[in-house]
>>> print(open('structure01.pdb').read())   # PDB, C-alpha atoms and all ligand atoms
ATOM      1  CA  MET A  56     106.838  64.228 -38.672
ATOM      2  CA  LEU A  57     103.449  62.772 -39.254
ATOM      3  CA  SER A  58     104.650  59.535 -40.669
ATOM      4  CA  ALA A  59     106.665  59.097 -37.476
ATOM      5  CA  ARG A  60     103.513  59.712 -35.503
ATOM      6  CA  ASN A  61     101.667  57.079 -37.435
ATOM      7  CA  ALA A  62     103.908  54.393 -36.101
ATOM      8  CA  LYS A  63     103.921  56.013 -32.678
ATOM      9  CA  PRO A  64     107.309  54.822 -31.437
ATOM     10  CA  PRO A  65     108.082  55.900 -27.864
ATOM     11  CA  GLY A  66     108.872  59.588 -27.492
ATOM     12  CA  ASN A  67     108.206  60.427 -31.108
ATOM     13  CA  ILE A  68     107.250  63.704 -32.651
ATOM     14  CA  ALA A  69     103.512  63.797 -32.797
ATOM     15  CA  ASP A  70     102.365  66.191 -35.418
ATOM     16  CA  GLY A  71     102.774  69.124 -37.704
ATOM     17  CA  THR A  72      99.580  70.920 -38.549
ATOM     18  CA  GLY A  73     100.855  72.627 -41.633
ATOM     19  CA  CYS A  74     104.223  71.006 -42.209
ATOM     20  CA  GLU A  75     103.472  67.977 -44.282
ATOM     21  CA  LEU A  76     101.109  69.890 -46.479
ATOM     22  CA  SER A  77     103.705  72.536 -47.081
ATOM     23  CA  LYS A  78     106.304  69.919 -47.868
ATOM     24  CA  THR A  79     104.262  68.479 -50.712
ATOM     25  CA  MET A  80     103.507  71.927 -52.023
ATOM     26  CA  ARG A  81     107.136  72.836 -52.403
ATOM     27  CA  SER A  82     107.602  70.497 -55.341
ATOM     28  CA  ASN A  83     104.796  71.731 -57.544
ATOM     29  CA  ARG A  84     103.785  75.359 -57.322
ATOM     30  CA  ARG A  85     101.492  76.620 -60.004
ATOM     31  CA  ASN A  86      99.554  79.756 -60.687
ATOM     32  CA  ILE A  87      95.785  79.399 -60.815
ATOM     33  CA  GLY A  88      94.968  83.105 -60.740
ATOM     34  CA  HIS A  89      92.760  83.227 -63.844
ATOM     35  CA  PHE A  90      90.976  80.066 -62.907
ATOM     36  CA  GLY A  91      90.372  81.568 -59.470
ATOM     37  CA  VAL A  92      88.698  84.660 -60.947
ATOM     38  CA  LEU A  93      86.401  82.673 -63.258
ATOM     39  CA  TYR A  94      85.629  80.283 -60.468
ATOM     40  CA  GLY A  95      84.738  83.200 -58.197
ATOM     41  CA  ILE A  96      82.298  84.574 -60.757
ATOM     42  CA  ALA A  97      80.661  81.171 -61.212
ATOM     43  CA  LEU A  98      80.304  80.760 -57.474
ATOM     44  CA  SER A  99      78.823  84.240 -57.081
ATOM     45  CA  ILE A 100      76.152  83.242 -59.596
ATOM     46  CA  LEU A 101      75.514  80.061 -57.646
ATOM     47  CA  LEU A 102      75.247  82.037 -54.442
ATOM     48  CA  MET A 103      72.733  84.417 -56.044
ATOM     49  CA  ALA A 104      70.756  81.423 -57.255
ATOM     50  CA  ALA A 105      70.830  79.885 -53.796
ATOM     51  CA  ILE A 106      69.394  83.079 -52.323
ATOM     52  CA  VAL A 107      66.937  84.000 -55.079
ATOM     53  CA  LEU A 108      65.433  80.643 -55.969
ATOM     54  CA  PRO A 109      62.442  79.657 -53.839
ATOM     55  CA  ARG A 110      64.199  76.739 -52.201
ATOM     56  CA  SER A 111      64.426  76.099 -48.506
ATOM     57  CA  ALA A 112      67.836  75.824 -46.882
ATOM     58  CA  SER A 113      66.940  72.411 -45.530
ATOM     59  CA  GLU A 114      66.217  71.270 -49.063
ATOM     60  CA  VAL A 115      69.512  72.645 -50.310
ATOM     61  CA  LEU A 116      71.565  71.446 -47.401
ATOM     62  CA  GLY A 117      70.639  67.959 -46.955
ATOM     63  CA  GLN A 118      67.366  67.152 -45.311
ATOM     64  CA  ARG A 119      66.107  65.176 -48.272
ATOM     65  CA  ARG A 120      62.371  65.178 -48.595
ATOM     66  CA  PRO A 121      60.640  62.014 -49.628
ATOM     67  CA  SER A 122      58.184  62.146 -52.499
ATOM     68  CA  ARG A 123      54.497  61.722 -51.748
ATOM     69  CA  SER A 124      54.957  57.998 -51.989
ATOM     70  CA  GLY A 125      57.669  58.298 -49.310
ATOM     71  CA  ILE A 126      60.342  56.995 -51.656
ATOM     72  CA  LEU A 127      63.544  58.924 -52.355
ATOM     73  CA  THR A 128      64.179  58.677 -56.052
ATOM     74  CA  SER A 129      67.657  58.543 -57.491
ATOM     75  CA  HIS A 130      66.844  61.856 -59.128
ATOM     76  CA  SER A 131      66.226  63.553 -55.772
ATOM     77  CA  ARG A 132      69.393  61.975 -54.391
ATOM     78  CA  ASP A 133      71.440  63.298 -57.288
ATOM     79  CA  ARG A 134      69.948  66.735 -56.867
ATOM     80  CA  PHE A 135      70.670  66.685 -53.159
ATOM     81  CA  SER A 136      74.211  65.751 -53.816
ATOM     82  CA  ARG A 137      74.689  68.379 -56.527
ATOM     83  CA  GLU A 138      73.075  71.161 -54.538
ATOM     84  CA  ALA A 139      74.896  70.291 -51.333
ATOM     85  CA  ARG A 140      78.152  70.330 -53.260
ATOM     86  CA  GLU A 141      77.346  73.709 -54.794
ATOM     87  CA  MET A 142      76.545  75.111 -51.375
ATOM     88  CA  VAL A 143      79.805  73.772 -49.939
ATOM     89  CA  GLU A 144      81.727  75.336 -52.840
ATOM     90  CA  VAL A 145      80.081  78.710 -52.214
ATOM     91  CA  ALA A 146      80.815  78.509 -48.468
ATOM     92  CA  SER A 147      84.372  77.404 -49.108
ATOM     93  CA  GLU A 148      84.921  80.321 -51.468
ATOM     94  CA  THR A 149      83.433  82.612 -48.804
ATOM     95  CA  VAL A 150      86.094  81.448 -46.351
ATOM     96  CA  CYS A 151      88.900  82.381 -48.736
ATOM     97  CA  ASN A 152      87.300  85.678 -49.788
ATOM     98  CA  GLU A 153      86.872  86.640 -46.129
ATOM     99  CA  ARG A 154      90.554  85.954 -45.600
ATOM    100  CA  VAL A 155      91.542  88.497 -48.242
ATOM    101  CA  ARG A 156      89.283  91.209 -46.798
ATOM    102  CA  ASP A 157      90.065  90.584 -43.138
ATOM    103  CA  PRO A 158      92.888  92.622 -41.516
ATOM    104  CA  LYS A 159      93.212  89.670 -39.106
ATOM    105  CA  GLY A 160      93.037  87.081 -41.889
ATOM    106  CA  SER A 161      95.370  84.082 -41.603
ATOM    107  CA  VAL A 162      98.247  83.543 -44.013
ATOM    108  CA  PRO A 163      97.786  80.415 -46.200
ATOM    109  CA  ILE A 164     100.211  77.651 -45.251
ATOM    110  CA  ASP A 165     101.919  77.566 -48.657
ATOM    111  CA  ASP A 166     102.625  81.280 -48.307
ATOM    112  CA  MET A 167     103.940  80.763 -44.760
ATOM    113  CA  GLN A 168     106.196  78.030 -46.013
ATOM    114  CA  ALA A 169     107.886  80.384 -48.471
ATOM    115  CA  ARG A 170     108.720  82.964 -45.778
ATOM    116  CA  PRO A 171     112.133  83.371 -44.136
ATOM    117  CA  SER A 172     112.572  82.169 -40.558
ATOM    118  CA  LEU A 173     111.279  84.485 -37.885
ATOM    119  CA  PRO A 174     113.200  85.111 -34.627
ATOM    120  CA  VAL A 175     111.427  84.256 -31.368
ATOM    121  CA  ASP A 176     111.794  87.851 -30.193
ATOM    122  CA  SER A 177     110.242  89.413 -33.306
ATOM    123  CA  PRO A 178     107.159  91.466 -32.356
ATOM    124  CA  GLU A 179     104.760  89.271 -34.415
ATOM    125  CA  ALA A 180     106.083  86.042 -32.916
ATOM    126  CA  VAL A 181     105.977  87.484 -29.381
ATOM    127  CA  ALA A 182     102.402  88.688 -29.887
ATOM    128  CA  GLY A 183     101.395  85.303 -31.324
ATOM    129  CA  ALA A 184     103.029  83.366 -28.493
ATOM    130  CA  GLN A 185     101.333  85.528 -25.871
ATOM    131  CA  ARG A 186      97.997  85.104 -27.611
ATOM    132  CA  ALA A 187      98.405  81.328 -27.799
ATOM    133  CA  GLN A 188      99.447  81.002 -24.160
ATOM    134  CA  ARG A 189      96.537  83.202 -23.051
ATOM    135  CA  LEU A 190      94.014  81.211 -25.092
ATOM    136  CA  LEU A 191      95.348  77.742 -24.210
ATOM    137  CA  PRO A 192      93.130  77.121 -21.111
ATOM    138  CA  LEU A 193      90.056  78.250 -23.031
ATOM    139  CA  ALA A 194      90.979  76.101 -26.051
ATOM    140  CA  GLU A 195      91.283  73.112 -23.709
ATOM    141  CA  ARG A 196      87.758  73.614 -22.373
ATOM    142  CA  LEU A 197      86.358  74.081 -25.876
ATOM    143  CA  VAL A 198      88.111  70.959 -27.161
ATOM    144  CA  VAL A 199      86.769  68.865 -24.285
ATOM    145  CA  ALA A 200      83.232  70.101 -24.983
ATOM    146  CA  SER A 201      83.596  69.487 -28.739
ATOM    147  CA  LEU A 202      84.957  65.958 -28.249
ATOM    148  CA  LYS A 203      82.034  65.095 -25.973
ATOM    149  CA  GLN A 204      79.536  66.581 -28.415
ATOM    150  CA  LEU A 205      81.026  64.723 -31.392
ATOM    151  CA  SER A 206      80.970  61.474 -29.414
ATOM    152  CA  ARG A 207      77.234  61.980 -28.887
ATOM    153  CA  ASP A 208      76.682  62.999 -32.521
ATOM    154  CA  TYR A 209      78.258  59.759 -33.708
ATOM    155  CA  ASN A 210      76.586  57.670 -30.965
ATOM    156  CA  LEU A 211      79.938  56.545 -29.635
ATOM    157  CA  ASN A 212      79.122  57.216 -26.001
ATOM    158  CA  ARG A 213      77.041  54.028 -26.023
ATOM    159  CA  THR A 214      79.995  51.945 -27.164
ATOM    160  CA  ARG A 215      81.456  49.690 -24.481
ATOM    161  CA  GLY A 216      84.649  51.081 -22.963
ATOM    162  CA  TYR A 217      84.356  54.413 -24.769
ATOM    163  CA  ASP A 218      83.636  56.431 -21.610
ATOM    164  CA  LEU A 219      86.951  55.424 -20.108
ATOM    165  CA  LYS A 220      88.788  56.406 -23.287
ATOM    166  CA  ILE A 221      87.125  59.803 -23.346
ATOM    167  CA  GLN A 222      88.003  60.336 -19.693
ATOM    168  CA  ARG A 223      91.646  59.585 -20.479
ATOM    169  CA  ALA A 224      91.521  61.913 -23.473
ATOM    170  CA  VAL A 225      90.046  64.739 -21.382
ATOM    171  CA  ALA A 226      92.688  64.297 -18.682
ATOM    172  CA  ARG A 227      95.436  64.565 -21.285
ATOM    173  CA  VAL A 228      93.946  67.750 -22.743
ATOM    174  CA  GLU A 229      93.574  69.336 -19.310
ATOM    175  CA  ALA A 230      97.183  68.554 -18.435
ATOM    176  CA  VAL A 231      98.617  70.702 -21.254
ATOM    177  CA  ARG A 232     100.332  73.736 -19.796
ATOM    178  CA  ASP A 233     102.540  75.569 -22.294
ATOM    179  CA  VAL A 234     102.968  76.880 -25.761
ATOM    180  CA  ARG A 235     106.625  76.991 -26.796
ATOM    181  CA  PRO A 236     107.505  79.256 -29.716
ATOM    182  CA  ASP A 237     110.187  77.699 -31.898
ATOM    183  CA  VAL A 238     112.095  79.206 -34.838
ATOM    184  CA  ASP A 239     113.028  75.871 -36.416
ATOM    185  CA  SER A 240     109.423  74.658 -36.474
ATOM    186  CA  ARG A 241     108.723  77.541 -38.890
ATOM    187  CA  ASP A 242     105.182  77.065 -40.253
ATOM    188  CA  ASN A 243     104.375  73.982 -38.134
ATOM    189  CA  ALA A 244     102.825  73.219 -34.796
ATOM    190  CA  SER A 245     103.603  69.935 -33.080
ATOM    191  CA  VAL A 246     103.583  67.970 -29.859
ATOM    192  CA  LEU A 247     106.100  65.471 -28.529
ATOM    193  CA  MET A 248     104.651  62.271 -27.131
ATOM    194  CA  LYS A 249     107.342  62.287 -24.440
ATOM    195  CA  ASN A 250     106.235  65.775 -23.381
ATOM    196  CA  PRO A 251     102.483  66.018 -23.924
ATOM    197  CA  ARG A 252     102.155  69.128 -21.751
ATOM    198  CA  THR A 253     103.688  71.460 -24.313
ATOM    199  CA  ILE A 254     102.567  72.531 -27.768
ATOM    200  CA  ILE A 255     105.463  73.608 -29.964
ATOM    201  CA  PHE A 256     104.450  76.416 -32.279
ATOM    202  CA  GLY A 257     106.647  77.626 -35.141
ATOM    203  CA  THR A 258     107.208  81.381 -35.072
ATOM    204  CA  ILE A 259     106.109  81.793 -38.711
ATOM    205  CA  PHE A 260     102.889  79.957 -37.878
ATOM    206  CA  LEU A 261     102.309  82.127 -34.780
ATOM    207  CA  ALA A 262     102.788  85.283 -36.828
ATOM    208  CA  GLY A 263     100.613  83.956 -39.669
ATOM    209  CA  LEU A 264      97.541  83.564 -37.440
ATOM    210  CA  PRO A 265      96.844  87.079 -36.176
ATOM    211  CA  SER A 266      93.383  86.360 -34.722
ATOM    212  CA  ASP A 267      92.167  84.582 -31.600
ATOM    213  CA  GLU A 268      90.022  82.383 -33.832
ATOM    214  CA  GLY A 269      92.999  81.282 -35.975
ATOM    215  CA  ILE A 270      95.112  80.456 -32.923
ATOM    216  CA  ILE A 271      92.289  78.568 -31.171
ATOM    217  CA  SER A 272      91.752  76.474 -34.279
ATOM    218  CA  VAL A 273      95.402  75.347 -34.419
ATOM    219  CA  LEU A 274      95.757  74.901 -30.638
ATOM    220  CA  SER A 275      92.649  72.715 -30.718
ATOM    221  CA  HIS A 276      94.047  70.638 -33.562
ATOM    222  CA  GLU A 277      97.151  69.860 -31.511
ATOM    223  CA  LEU A 278      95.127  69.213 -28.366
ATOM    224  CA  VAL A 279      93.160  66.500 -30.180
ATOM    225  CA  HIS A 280      96.416  64.722 -31.099
ATOM    226  CA  ILE A 281      97.456  64.949 -27.455
ATOM    227  CA  ALA A 282      94.048  63.625 -26.362
ATOM    228  CA  ASP A 283      94.463  60.585 -28.587
ATOM    229  CA  GLY A 284      97.950  59.914 -27.218
ATOM    230  CA  SER A 285      99.729  56.585 -27.596
ATOM    231  CA  GLN A 286      96.659  54.711 -26.406
ATOM    232  CA  ASP A 287      94.522  55.647 -29.413
ATOM    233  CA  ASN A 288      91.837  57.039 -27.119
ATOM    234  CA  LEU A 289      89.966  58.612 -30.020
ATOM    235  CA  LYS A 290      90.390  55.913 -32.639
ATOM    236  CA  LEU A 291      86.652  55.223 -32.860
ATOM    237  CA  LEU A 292      85.857  58.899 -33.264
ATOM    238  CA  PHE A 293      88.474  59.326 -35.986
ATOM    239  CA  ARG A 294      87.066  56.312 -37.791
ATOM    240  CA  ALA A 295      83.471  57.557 -37.533
ATOM    241  CA  VAL A 296      84.357  61.027 -38.822
ATOM    242  CA  GLY A 297      86.536  59.574 -41.584
ATOM    243  CA  ASN A 298      83.818  57.160 -42.720
ATOM    244  CA  ARG A 299      81.193  59.889 -42.832
ATOM    245  CA  ALA A 300      83.493  62.255 -44.714
ATOM    246  CA  SER A 301      84.481  59.475 -47.140
ATOM    247  CA  VAL A 302      80.844  59.035 -48.158
ATOM    248  CA  LEU A 303      80.187  62.757 -48.461
ATOM    249  CA  MET A 304      83.400  63.539 -50.312
ATOM    250  CA  ASP A 305      83.650  60.312 -52.317
ATOM    251  CA  LEU A 306      87.261  59.998 -51.158
ATOM    252  CA  LYS A 307      89.104  57.490 -49.010
ATOM    253  CA  ILE A 308      89.592  59.100 -45.592
ATOM    254  CA  ARG A 309      91.017  56.545 -43.178
ATOM    255  CA  ASP A 310      93.712  56.166 -40.551
ATOM    256  CA  GLN A 311      95.954  59.241 -40.285
ATOM    257  CA  ARG A 312      93.858  61.199 -42.785
ATOM    258  CA  ALA A 313      90.793  60.613 -40.613
ATOM    259  CA  GLU A 314      92.703  61.724 -37.520
ATOM    260  CA  GLU A 315      93.973  64.919 -39.173
ATOM    261  CA  LEU A 316      90.506  65.737 -40.473
ATOM    262  CA  THR A 317      88.985  65.203 -37.024
ATOM    263  CA  CYS A 318      91.649  67.464 -35.480
ATOM    264  CA  ASP A 319      90.766  70.157 -38.003
ATOM    265  CA  MET A 320      87.055  69.694 -37.462
ATOM    266  CA  VAL A 321      87.402  70.021 -33.686
ATOM    267  CA  GLY A 322      89.497  73.155 -34.349
ATOM    268  CA  THR A 323      86.617  74.649 -36.313
ATOM    269  CA  LEU A 324      83.952  73.581 -33.805
ATOM    270  CA  ALA A 325      85.956  74.952 -30.890
ATOM    271  CA  THR A 326      86.371  78.231 -32.743
ATOM    272  CA  ARG A 327      82.664  78.367 -33.532
ATOM    273  CA  SER A 328      81.893  77.996 -29.806
ATOM    274  CA  TYR A 329      84.421  80.717 -29.013
ATOM    275  CA  VAL A 330      82.681  83.045 -31.493
ATOM    276  CA  SER A 331      79.340  82.449 -29.746
ATOM    277  CA  ALA A 332      80.850  83.021 -26.323
ATOM    278  CA  THR A 333      82.630  86.269 -27.244
ATOM    279  CA  PRO A 334      80.326  88.444 -29.378
ATOM    280  CA  THR A 335      81.947  91.286 -31.310
ATOM    281  CA  TYR A 336      80.854  93.700 -34.036
ATOM    282  CA  GLU A 337      82.664  91.623 -36.641
ATOM    283  CA  ALA A 338      80.557  89.643 -39.118
ATOM    284  CA  LEU A 339      79.905  85.985 -38.325
ATOM    285  CA  PRO A 340      81.366  84.604 -41.603
ATOM    286  CA  GLN A 341      84.531  86.625 -41.039
ATOM    287  CA  ARG A 342      85.082  85.131 -37.604
ATOM    288  CA  ILE A 343      84.183  81.564 -38.562
ATOM    289  CA  SER A 344      86.431  81.774 -41.622
ATOM    290  CA  ARG A 345      89.485  82.487 -39.475
ATOM    291  CA  SER A 346      89.400  78.890 -38.248
ATOM    292  CA  LEU A 347      89.839  77.550 -41.785
ATOM    293  CA  GLU A 348      91.467  80.152 -43.969
ATOM    294  CA  HIS A 349      95.085  79.036 -43.466
ATOM    295  CA  ASN A 350      93.969  76.310 -45.907
ATOM    296  CA  CYS A 351      93.279  78.829 -48.699
ATOM    297  CA  VAL A 352      96.362  77.764 -50.630
ATOM    298  CA  ASP A 353      97.251  78.341 -54.287
ATOM    299  CA  THR A 354      98.873  74.940 -54.643
ATOM    300  CA  ASP A 355      96.308  72.514 -53.342
ATOM    301  CA  GLU A 356      97.919  69.166 -52.746
ATOM    302  CA  GLY A 357      97.361  66.522 -50.104
ATOM    303  CA  ASP A 358      99.370  63.451 -49.209
ATOM    304  CA  GLU A 359      98.853  60.034 -47.715
ATOM    305  CA  ASP A 360      98.191  61.494 -44.268
ATOM    306  CA  HIS A 361      96.239  64.623 -45.200
ATOM    307  CA  LEU A 362      93.471  65.706 -47.471
ATOM    308  CA  SER A 363      94.556  68.675 -49.544
ATOM    309  CA  PRO A 364      94.031  71.967 -47.666
ATOM    310  CA  ARG A 365      91.062  73.025 -49.772
ATOM    311  CA  ASP A 366      89.509  69.552 -49.511
ATOM    312  CA  THR A 367      89.919  69.861 -45.747
ATOM    313  CA  ILE A 368      87.747  72.982 -45.834
ATOM    314  CA  ARG A 369      85.188  71.196 -48.026
ATOM    315  CA  ALA A 370      85.100  68.085 -45.821
ATOM    316  CA  ILE A 371      84.431  70.117 -42.682
ATOM    317  CA  LEU A 372      81.668  72.049 -44.442
ATOM    318  CA  PHE A 373      80.085  68.809 -45.678
ATOM    319  CA  LEU A 374      80.203  67.409 -42.165
ATOM    320  CA  LYS A 375      78.724  70.561 -40.624
ATOM    321  CA  PRO A 376      75.912  71.918 -42.834
ATOM    322  CA  ALA A 377      74.912  74.435 -40.148
ATOM    323  CA  LEU A 378      78.332  76.042 -40.492
ATOM    324  CA  THR A 379      77.983  76.065 -44.271
ATOM    325  CA  ARG A 380      74.658  77.891 -43.952
ATOM    326  CA  GLU A 381      76.160  80.460 -41.604
ATOM    327  CA  LEU A 382      78.994  81.164 -44.010
ATOM    328  CA  VAL A 383      76.677  81.520 -47.008
ATOM    329  CA  TYR A 384      73.821  83.431 -45.389
ATOM    330  CA  GLY A 385      75.830  85.263 -42.744
ATOM    331  CA  ARG A 386      73.628  84.193 -39.836
TER
HETATM  332 ZN    ZN A 401      97.833  67.180 -37.115
END
>>> encode(input="structure01.pdb", output="structure tokens")
Amino acid sequence: MLSARNAKPPGNIADGTGCELSKTMRSNRRNIGHFGVLYGIALSILLMAAIVLPRSASEVLGQRRPSRSGILTSHSRDRFSREAREMVEVASETVCNERVRDPKGSVPIDDMQARPSLPVDSPEAVAGAQRAQRLLPLAERLVVASLKQLSRDYNLNRTRGYDLKIQRAVARVEAVRDVRPDVDSRDNASVLMKNPRTIIFGTIFLAGLPSDEGIISVLSHELVHIADGSQDNLKLLFRAVGNRASVLMDLKIRDQRAEELTCDMVGTLATRSYVSATPTYEALPQRISRSLEHNCVDTDEGDEDHLSPRDTIRAILFLKPALTRELVYGR
């Protein structure tokens, strides 16, 4: 589905949020249970160290301080990199631990993929479809705000012609009207370029995201694909996000991978705004985690068009240190 979107022939299928990832997982399932436990212990120790050691969050998370001479040594750079990575690992583990504890936790996409098809009239699919339809107008507003904010963050709003592209993108987002539950789409969500007013949502996917936060994250992902459309309205933004993530992750994140990552990042940012706008008694890390925890897979494999699910979590946390802090410190 995604490879078809890459070429963008007329009327093609535009996207599958979880589909391509699931497809690659099918071939190579493996059990990493013991590794997971040891890893959890190691990360708990790191978390303790992060809290106990007399080190400021800004130091840990990236605002490198020059030495007295004003020169950043390679040593301080290495330390920044190592500590930022440790912090991202702790935050990423928090996301997946929250998922396990949360009654509204999302189902990981590899788990969804293994489930039998779910009829449209099953209570979970009906509840999910109603939730998605109810939240669609709000998700549209949050996506528009996030796209504008990201454009400012990456200084794209000063680029010639960019304003017009953003206006087109916003109009496309605001024109989306429906969520259509679909049995055959299973654990995928998608949009058709010939019908950009409807988001198609697999019933397994709807049922696997039992929180508002989880649904907003996936709706937002699809809305960003719609915003980009056949005119590549968001190409510069995708490139900027991909380039930044490539440096931080030391991975090649270009073209479709950059687009998918940006869709996921907007999903998380939109959810974060939703959490601020709708306070509840639930803990902040629990609510933020719902935007990412469908990526807490056992079999962590990416493909040409996607980072692996767990690398997707890491990339977003690298790109948004404030979010990482909130997950680790709970505020
Ligand atoms: Zn996508």
>>> axis_aligned_box(input="structure01.pdb", around="region 367-382 of chain A", padding_each_side="3 Å", output="AutoDock Vina command-line options")
--center_x 82.3 --center_y 74.3 --center_z -44.1 --size_x 21.3 --size_y 19.8 --size_z 13.9
>>> closest_atom_pairs(input="structure01.pdb", of="region 214-292 of chain A", to="region 171-187 of chain A", cutoff="12 Å", atoms="all atoms listed in the file", output="tab-separated table")
residue	atom	partner	partner_atom	distance
A:Arg232	CA	A:Ala187	CA	11.2
A:Asp233	CA	A:Ala187	CA	9.0
A:Val234	CA	A:Ala187	CA	6.7
A:Arg235	CA	A:Ala184	CA	7.5
A:Pro236	CA	A:Ala184	CA	6.2
A:Asp237	CA	A:Val175	CA	6.7
A:Val238	CA	A:Pro174	CA	6.0
A:Asp239	CA	A:Ser172	CA	7.6
A:Ser240	CA	A:Ser172	CA	9.1
A:Arg241	CA	A:Ser172	CA	6.2
A:Asp242	CA	A:Ser172	CA	9.0
A:Asn243	CA	A:Ser172	CA	11.8
A:Ala244	CA	A:Ala187	CA	11.6
A:Thr253	CA	A:Ala187	CA	11.7
A:Ile254	CA	A:Ala187	CA	9.7
A:Ile255	CA	A:Ala184	CA	10.2
A:Phe256	CA	A:Ala184	CA	8.0
A:Gly257	CA	A:Leu173	CA	8.7
A:Thr258	CA	A:Ala180	CA	5.3
A:Ile259	CA	A:Leu173	CA	5.9
A:Phe260	CA	A:Ala180	CA	8.5
A:Leu261	CA	A:Gly183	CA	4.8
A:Ala262	CA	A:Glu179	CA	5.1
A:Gly263	CA	A:Gly183	CA	8.5
A:Leu264	CA	A:Gly183	CA	7.4
A:Pro265	CA	A:Gly183	CA	6.9
A:Ser266	CA	A:Arg186	CA	8.6
A:Asp267	CA	A:Arg186	CA	7.1
A:Glu268	CA	A:Ala187	CA	10.4
A:Gly269	CA	A:Ala187	CA	9.8
A:Ile270	CA	A:Ala187	CA	6.2
A:Ile271	CA	A:Ala187	CA	7.5
A:Ser272	CA	A:Ala187	CA	10.5
A:Val273	CA	A:Ala187	CA	9.4
A:Leu274	CA	A:Ala187	CA	7.5
A:Ser275	CA	A:Ala187	CA	10.8
>>> atom_distance(input="structure01.pdb", atom1="CA of Val145 (chain A)", atom2="CA of Val383 (chain A)")
6.8 Å
>>> atom_distance(input="structure01.pdb", atom1="CA of Asn152 (chain A)", atom2="CA of Glu381 (chain A)")
14.8 Å
>>> residues_around(input="structure01.pdb", residues="Leu211 (chain A)", least_positions_apart="5", cutoff="12 Å", atoms="all atoms listed in the file", output="PyMOL selection string")
chain A and resi 202-206+216-221+289-296
>>> resolve_selection(input="structure01.pdb", expression="the PyMOL selection byres (((chain A and resi 340) around 9) and not hetatm)", output="list in words")
Thr149, Val150, Glu153, Glu337, Ala338, Leu339, Gln341, Arg342, Ile343, Ser344, Arg345, Glu381, Leu382, Val383, Tyr384, Gly385 and Arg386 of chain A
>>> resolve_selection(input="structure01.pdb", expression="the PyMOL selection byres (((chain A and resi 311) around 10) and not hetatm)", output="PDB file with C-alpha atoms, in the coordinates of the input")
ATOM      1  CA  LEU A  57     103.449  62.772 -39.254  1.00  0.00           C
ATOM      2  CA  SER A  58     104.650  59.535 -40.669  1.00  0.00           C
ATOM      3  CA  ARG A  60     103.513  59.712 -35.503  1.00  0.00           C
ATOM      4  CA  ASN A  61     101.667  57.079 -37.435  1.00  0.00           C
ATOM      5  CA  PHE A 293      88.474  59.326 -35.986  1.00  0.00           C
ATOM      6  CA  ARG A 294      87.066  56.312 -37.791  1.00  0.00           C
ATOM      7  CA  GLY A 297      86.536  59.574 -41.584  1.00  0.00           C
ATOM      8  CA  ILE A 308      89.592  59.100 -45.592  1.00  0.00           C
ATOM      9  CA  ARG A 309      91.017  56.545 -43.178  1.00  0.00           C
ATOM     10  CA  ASP A 310      93.712  56.166 -40.551  1.00  0.00           C
ATOM     11  CA  ARG A 312      93.858  61.199 -42.785  1.00  0.00           C
ATOM     12  CA  ALA A 313      90.793  60.613 -40.613  1.00  0.00           C
ATOM     13  CA  GLU A 314      92.703  61.724 -37.520  1.00  0.00           C
ATOM     14  CA  GLU A 315      93.973  64.919 -39.173  1.00  0.00           C
ATOM     15  CA  LEU A 316      90.506  65.737 -40.473  1.00  0.00           C
ATOM     16  CA  THR A 317      88.985  65.203 -37.024  1.00  0.00           C
ATOM     17  CA  GLU A 359      98.853  60.034 -47.715  1.00  0.00           C
ATOM     18  CA  ASP A 360      98.191  61.494 -44.268  1.00  0.00           C
ATOM     19  CA  HIS A 361      96.239  64.623 -45.200  1.00  0.00           C
ATOM     20  CA  LEU A 362      93.471  65.706 -47.471  1.00  0.00           C
TER      21      LEU A 362
END
>>> residues_around(input="structure01.pdb", residues="Pro376 (chain A)", least_positions_apart="2", cutoff="9 Å", atoms="all atoms listed in the file", output="PyMOL selection string")
chain A and resi 116-117+139+143+371-374+378-381
>>> closest_residue(input="structure01.pdb", among="A:Asp166, A:Asp355, A:Asp283, A:Glu277", to="ligand ZN 401 (chain A)", atoms="all atoms listed in the file")
A:Glu277
>>> atom_distance(input="structure01.pdb", atom1="CA of Pro364 (chain A)", atom2="CA of Ser245 (chain A)")
17.6 Å
>>> resolve_selection(input="structure01.pdb", expression="the PyMOL selection byres (((chain A and resi 304) around 10) and not hetatm)", output="list in words")
Arg140, Asn298, Arg299, Ala300, Ser301, Val302, Leu303, Asp305, Leu306, Lys307, Ile308, Asp366, Arg369, Ala370, Phe373 and Leu374 of chain A
>>> closest_residue(input="structure01.pdb", among="A:Thr335, A:Gln222, A:Ser147, A:Ser328", to="Thr367 (chain A)", atoms="all atoms listed in the file")
A:Ser147
